[in-house]
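Participant: Dropping a structure here in structure tokens format, bear with me for questions.
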Amino acid sequence: MTPPPDSALLDTPVKDLTITKSTDPANPKAKKSGGNCGCSTNESAKPALDQKMMDRISKHPCYSEEAHHHYARMHVAVAPACNIQCNYCNRKYDCANESRPGVVSELLTPEEAAHKVLVIAGKIPQMTVLGIAGPGDPLANPDKTFRTFELIADKAPDIKLCLSTNGLMLPNHVDRIKALNVDHVTITINMVDPEIGTKIYPWVRYNRKRYTGLEAARILHERQMEGLQALKEADILCKVNSVMIPGINDEHLAEVDQVIRQNGAFLHNIMPLISAPEHGTHFGLTGQRGPTSKELKALQDKCADSNMKMMRHCRQCRADAVGLLGEDRSQEFTKDKFMEMEPEYNATVRQVVHSTIEQRRIEQQAIKAQVKKAPAVETPKILLAVATKGGGLVNQHFGHAKEFTIYEVDGSEARFVTHRKIDQYCQGGYGEEATLEGVIKTIADCKAVLVSKIGDCPQKELEMAGIQSVEAYDVIEKVAREYYDQYLQTLQGG
């Protein structure tokens, strides 16, 4: 059977890829050159998930860091209304140039959303998850949300359904969520102390009444805890999102982590505040800063030490995002385009594509197991930046990257720790010098950047900044291990 469109990531068997002799199959002129489902940097020290749980998350790119290299997700914007106001949120419509929660290009009806899902499920067969995350709150728009889920569950039963909510109305709808087989729910919980909540939430609308101040924060907190408990009792996996706001809840989020863990959360995603003035949010207009990469990682590491699974690969997606995490193909599927397309959903074709992906994952797991070590002595940790288009591979040209995935490597293993967005270096000759300066600043704490290919000019500039360039086309952990072994030999040799 011929693979459908957008299965290019499946074309090259992992067993044929080597770091020293291979050529990028997507770029035959490229120069030749010499897991698991865990989500936190300390995951290897934690109890292994049982097979049933592994099956539940294995194709969900948000709940499994390993899966996000291979499987795509999409969001449909059917829920415009919201019942709380957050100081970091400004729901924008008809906005194609921003990538952050609450932003969409257009709203859809449930019927339009279902049609879009069936179109994209054929165009992007590795799309496994349909989420409703806004641009408002899905449970402030329950009729539209659940009608959308009903239509998709009927026509495309192999697609996982999930939703994101502020939790205010969650206790009212857990039974309906369970009945529709929605197995993954995300709650945004930024505090468990209402006093701190007053600095984040100006108002809450509950039972047809608007509350402000401490009372608003208390109501929201109590409803979130009630909803979290109800999800646990219903055996629905819950991911908690928390926005890290320096000076407001940054020190408090360790307590949040402890409380949600005790109340049954499966995964904790601590995200940086996005607060640029042009976004028009309260925090943006008042100059509230977001955390630095170092501050964010330190907090994530602290919470990971508490035995909580941490999500570090979140991209803070738009409410109409389409594609792999780290890419946004929403503009390929605007309403005027997808409504003219015939649905290409084919469960058999999708199953073949998924089987190919799973075979690749098995092969990659074998490679990762081979390069993982148990060092006799403690070894230094370093950071590496990776240019990847997905598939768990170093497979992207330096100049084409819009983000780098960052791995922390020591003598034992290479662990994904975060991603960092950048402005694309190759821009047709315009502004590339300034862009390269920004790229170097973004990865200044990394020892090397792993890419499929890089030009002489950026390579020299990186070397002057103390960052090596490694050209390869192979499994990320394998390339990282080979670089680290060379780095360690150089370090030990003085």
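If you're wondering about the labels, chains in the structure tokens are A, B, ... by order shown, residues count from 1 in each chain, ligands from 1 in order shown.
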Can you list, as a list of chain:residue names, every residue of range 189-250 of chain A that DSSP puts in helix (DSSP H, G or I)?
Facilitator: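 The residues of range 189-250 of chain A classed as helix (DSSP H, G or I) are A:Pro194, A:Glu195, A:Ile196, A:Gly197, A:Gly213, A:Leu214, A:Glu215, A:Ala216, A:Ala217, A:Arg218, A:Ile219, A:Leu220, A:His221, A:Glu222, A:Arg223, A:Gln224, A:Met225, A:Glu226, A:Gly227, A:Leu228, A:Gln229, A:Ala230, A:Leu231, A:Lys232, A:Glu233.
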Participant: May I have the selected residues written with N, CA, C and O atoms, as a CSV table (one decimal), in the first residue's frame?
Facilitator:
```csv
chain,number,residue,atom,x,y,z
A,194,PRO,N,-5.2,30.8,47.5
A,194,PRO,CA,-6.1,31.9,46.9
A,194,PRO,C,-5.4,33.3,47.0
A,194,PRO,O,-5.7,34.1,46.1
A,195,GLU,N,-4.6,33.5,48.0
A,195,GLU,CA,-4.0,34.8,48.1
A,195,GLU,C,-3.1,35.1,46.9
A,195,GLU,O,-3.1,36.2,46.3
A,196,ILE,N,-2.4,34.1,46.4
A,196,ILE,CA,-1.6,34.2,45.2
A,196,ILE,C,-2.5,34.3,44.0
A,196,ILE,O,-2.2,35.0,43.1
A,197,GLY,N,-3.6,33.6,44.1
A,197,GLY,CA,-4.5,33.6,42.9
A,197,GLY,C,-5.1,35.0,42.7
A,197,GLY,O,-5.4,35.3,41.5
A,213,GLY,N,-11.4,39.3,43.4
A,213,GLY,CA,-10.5,39.2,44.6
A,213,GLY,C,-10.4,37.8,45.2
A,213,GLY,O,-10.4,36.8,44.5
A,214,LEU,N,-10.3,37.8,46.5
A,214,LEU,CA,-10.0,36.5,47.2
A,214,LEU,C,-11.1,35.5,47.0
A,214,LEU,O,-10.9,34.3,46.9
A,215,GLU,N,-12.3,35.9,46.9
A,215,GLU,CA,-13.5,35.0,46.8
A,215,GLU,C,-13.4,34.3,45.4
A,215,GLU,O,-13.7,33.1,45.3
A,216,ALA,N,-13.0,35.1,44.4
A,216,ALA,CA,-12.9,34.5,43.1
A,216,ALA,C,-11.8,33.4,43.0
A,216,ALA,O,-12.1,32.3,42.5
A,217,ALA,N,-10.7,33.7,43.6
A,217,ALA,CA,-9.6,32.8,43.6
A,217,ALA,C,-9.9,31.6,44.4
A,217,ALA,O,-9.5,30.4,44.1
A,218,ARG,N,-10.6,31.8,45.5
A,218,ARG,CA,-11.0,30.6,46.4
A,218,ARG,C,-12.0,29.7,45.7
A,218,ARG,O,-11.8,28.5,45.7
A,219,ILE,N,-13.0,30.3,45.0
A,219,ILE,CA,-13.9,29.4,44.2
A,219,ILE,C,-13.2,28.6,43.2
A,219,ILE,O,-13.4,27.4,43.0
A,220,LEU,N,-12.3,29.3,42.4
A,220,LEU,CA,-11.6,28.6,41.4
A,220,LEU,C,-10.7,27.5,41.9
A,220,LEU,O,-10.7,26.4,41.4
A,221,HIS,N,-10.0,27.7,43.0
A,221,HIS,CA,-9.2,26.7,43.6
A,221,HIS,C,-10.0,25.5,44.1
A,221,HIS,O,-9.6,24.4,43.8
A,222,GLU,N,-11.1,25.8,44.7
A,222,GLU,CA,-11.9,24.6,45.2
A,222,GLU,C,-12.5,23.8,44.1
A,222,GLU,O,-12.5,22.6,44.2
A,223,ARG,N,-12.9,24.5,43.0
A,223,ARG,CA,-13.5,23.7,41.9
A,223,ARG,C,-12.4,23.0,41.2
A,223,ARG,O,-12.6,21.8,40.7
A,224,GLN,N,-11.2,23.5,41.1
A,224,GLN,CA,-10.1,22.8,40.4
A,224,GLN,C,-9.7,21.5,41.2
A,224,GLN,O,-9.5,20.5,40.6
A,225,MET,N,-9.7,21.6,42.5
A,225,MET,CA,-9.3,20.4,43.3
A,225,MET,C,-10.5,19.4,43.2
A,225,MET,O,-10.2,18.2,43.2
A,226,GLU,N,-11.7,19.8,43.2
A,226,GLU,CA,-12.8,18.9,43.1
A,226,GLU,C,-12.8,18.2,41.7
A,226,GLU,O,-13.0,17.0,41.6
A,227,GLY,N,-12.5,19.0,40.7
A,227,GLY,CA,-12.4,18.4,39.4
A,227,GLY,C,-11.3,17.4,39.2
A,227,GLY,O,-11.4,16.4,38.6
A,228,LEU,N,-10.1,17.7,39.8
A,228,LEU,CA,-8.9,16.9,39.8
A,228,LEU,C,-9.3,15.5,40.4
A,228,LEU,O,-8.9,14.4,39.9
A,229,GLN,N,-9.9,15.6,41.6
A,229,GLN,CA,-10.3,14.4,42.3
A,229,GLN,C,-11.3,13.5,41.5
A,229,GLN,O,-11.2,12.3,41.4
A,230,ALA,N,-12.2,14.2,40.8
A,230,ALA,CA,-13.2,13.5,40.0
A,230,ALA,C,-12.6,12.8,38.8
A,230,ALA,O,-13.0,11.7,38.5
A,231,LEU,N,-11.6,13.4,38.2
A,231,LEU,CA,-10.9,12.8,37.1
A,231,LEU,C,-10.2,11.5,37.6
A,231,LEU,O,-10.2,10.5,36.9
A,232,LYS,N,-9.6,11.6,38.8
A,232,LYS,CA,-8.9,10.5,39.3
A,232,LYS,C,-9.8,9.3,39.6
A,232,LYS,O,-9.6,8.2,39.2
A,233,GLU,N,-11.0,9.6,40.2
A,233,GLU,CA,-12.0,8.6,40.4
A,233,GLU,C,-12.6,8.0,39.2
A,233,GLU,O,-12.9,6.8,39.1
```
Participant: Could you tell me, as number ranges by chain, which residues of range 361-414 of chain A DSSP assigns to strand (DSSP E or B) when given the backbone?
Facilitator: A: 382-386, 393-394, 397, 403-409, 414
Participant: Of the candidates A:Leu130, A:Ile422, A:Leu180, A:Leu299, which shows the shortest atom-to-atom distance to Glu150 in chain A, using only C-alpha atoms?
Facilitator: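 For Glu150 in chain A, the nearest of the given residues is A:Leu180.
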Participant: Can you pull out the residues contacting Glu112 in chain A? Cut-off 9 Å, using only C-alpha atoms, and skip same-chain residues under 3 positions away; I want them as a PyMOL selection string.
Facilitator: chain A and resi 108-109+115-117+148+335+339
Participant: Considering only C-alpha atoms, can you say which of A:Met54, A:Met244, A:Cys317, A:Ala67 comes closest to Pro135 in chain A?
Facilitator: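 Among the listed residues, the smallest separation from Pro135 in chain A belongs to A:Cys317.
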Participant: Report as CSV the residues of range 251-358 of chain A within 8 Å of range 69-85 of chain A, each with its shortest atom pair and distance in Å (one decimal), using only C-alpha atoms, ordered by chain and increasing residue number.
Facilitator:
```
residue,atom,partner,partner_atom,distance
A:Arg318,CA,A:His75,CA,7.9
A:Ala319,CA,A:His75,CA,5.7
A:Asp320,CA,A:His75,CA,4.7
A:Ala321,CA,A:His75,CA,5.3
A:Val322,CA,A:Met74,CA,4.3
A:Gly323,CA,A:Ala72,CA,4.9
A:Leu324,CA,A:Ala72,CA,4.1
A:Leu325,CA,A:Ala72,CA,6.7
A:Ile357,CA,A:His70,CA,7.0
```
Participant: Write to file, as a short mmCIF file (atom, residue, chain, number, x, y, z; two decimals), in the first residue's frame, the residues of the selection just made, with N, CA and C atoms.
Facilitator:
```cif
data_model
loop_
_atom_site.label_atom_id
_atom_site.label_comp_id
_atom_site.auth_asym_id
_atom_site.auth_seq_id
_atom_site.Cartn_x
_atom_site.Cartn_y
_atom_site.Cartn_z
N ARG A 318 -1.12 27.24 19.87
CA ARG A 318 -2.33 27.99 19.53
C ARG A 318 -3.55 27.10 19.69
N ALA A 319 -4.71 27.72 19.77
CA ALA A 319 -5.96 26.97 19.92
C ALA A 319 -6.44 26.38 18.61
N ASP A 320 -5.67 26.58 17.52
CA ASP A 320 -6.00 25.94 16.25
C ASP A 320 -4.76 25.29 15.63
N ALA A 321 -3.82 24.85 16.49
CA ALA A 321 -2.56 24.28 16.02
C ALA A 321 -2.80 22.97 15.27
N VAL A 322 -1.93 22.71 14.28
CA VAL A 322 -1.99 21.48 13.49
C VAL A 322 -0.58 21.01 13.23
N GLY A 323 -0.32 19.72 13.45
CA GLY A 323 0.96 19.13 13.09
C GLY A 323 1.72 18.60 14.29
N LEU A 324 2.98 18.28 14.07
CA LEU A 324 3.86 17.87 15.16
C LEU A 324 4.05 19.01 16.14
N LEU A 325 4.34 18.69 17.40
CA LEU A 325 4.70 19.75 18.33
C LEU A 325 5.95 20.42 17.81
N ILE A 357 5.54 3.62 11.97
CA ILE A 357 6.10 4.47 13.02
C ILE A 357 6.53 3.62 14.21
#
```
Participant: A:Lys199, A:His60, A:His68, A:Lys297: which is nearest Gly391 in chain A, counting only C-alpha atoms?
Facilitator: A:His68
Participant: List the neighbours of Gly411 in chain A out to 10 Å using only C-alpha atoms; skip same-chain residues closer than 5 positions along the sequence, and give me the result as a list in words.
Facilitator: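 Answer for this query is Lys372, Lys373, Ala374, Pro375, Ala376, Val377, Glu378, Thr379, Pro380, Lys381, Ile382, Arg481, Tyr484, Asp485 and Leu488 of chain A.
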Participant: With distances taken over only C-alpha atoms, which residue among A:Glu66, A:Met169, A:Glu332, A:Leu383 lies nearest Gln365 in chain A?
Facilitator: A:Glu66
Participant: Would you please work out which residue, of A:Ser105, A:Pro142, A:Gly167, A:Lys178, is nearest to Gln331 in chain A when using only C-alpha atoms?
Facilitator: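 Of the candidates, the smallest distance to Gln331 in chain A is held by A:Ser105.
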Participant: From the options A:Phe416, A:Phe398, A:Tyr473, A:Trp203, which residue's atoms come nearest to Gly455 in chain A, counting only C-alpha atoms?
Facilitator: A:Phe398
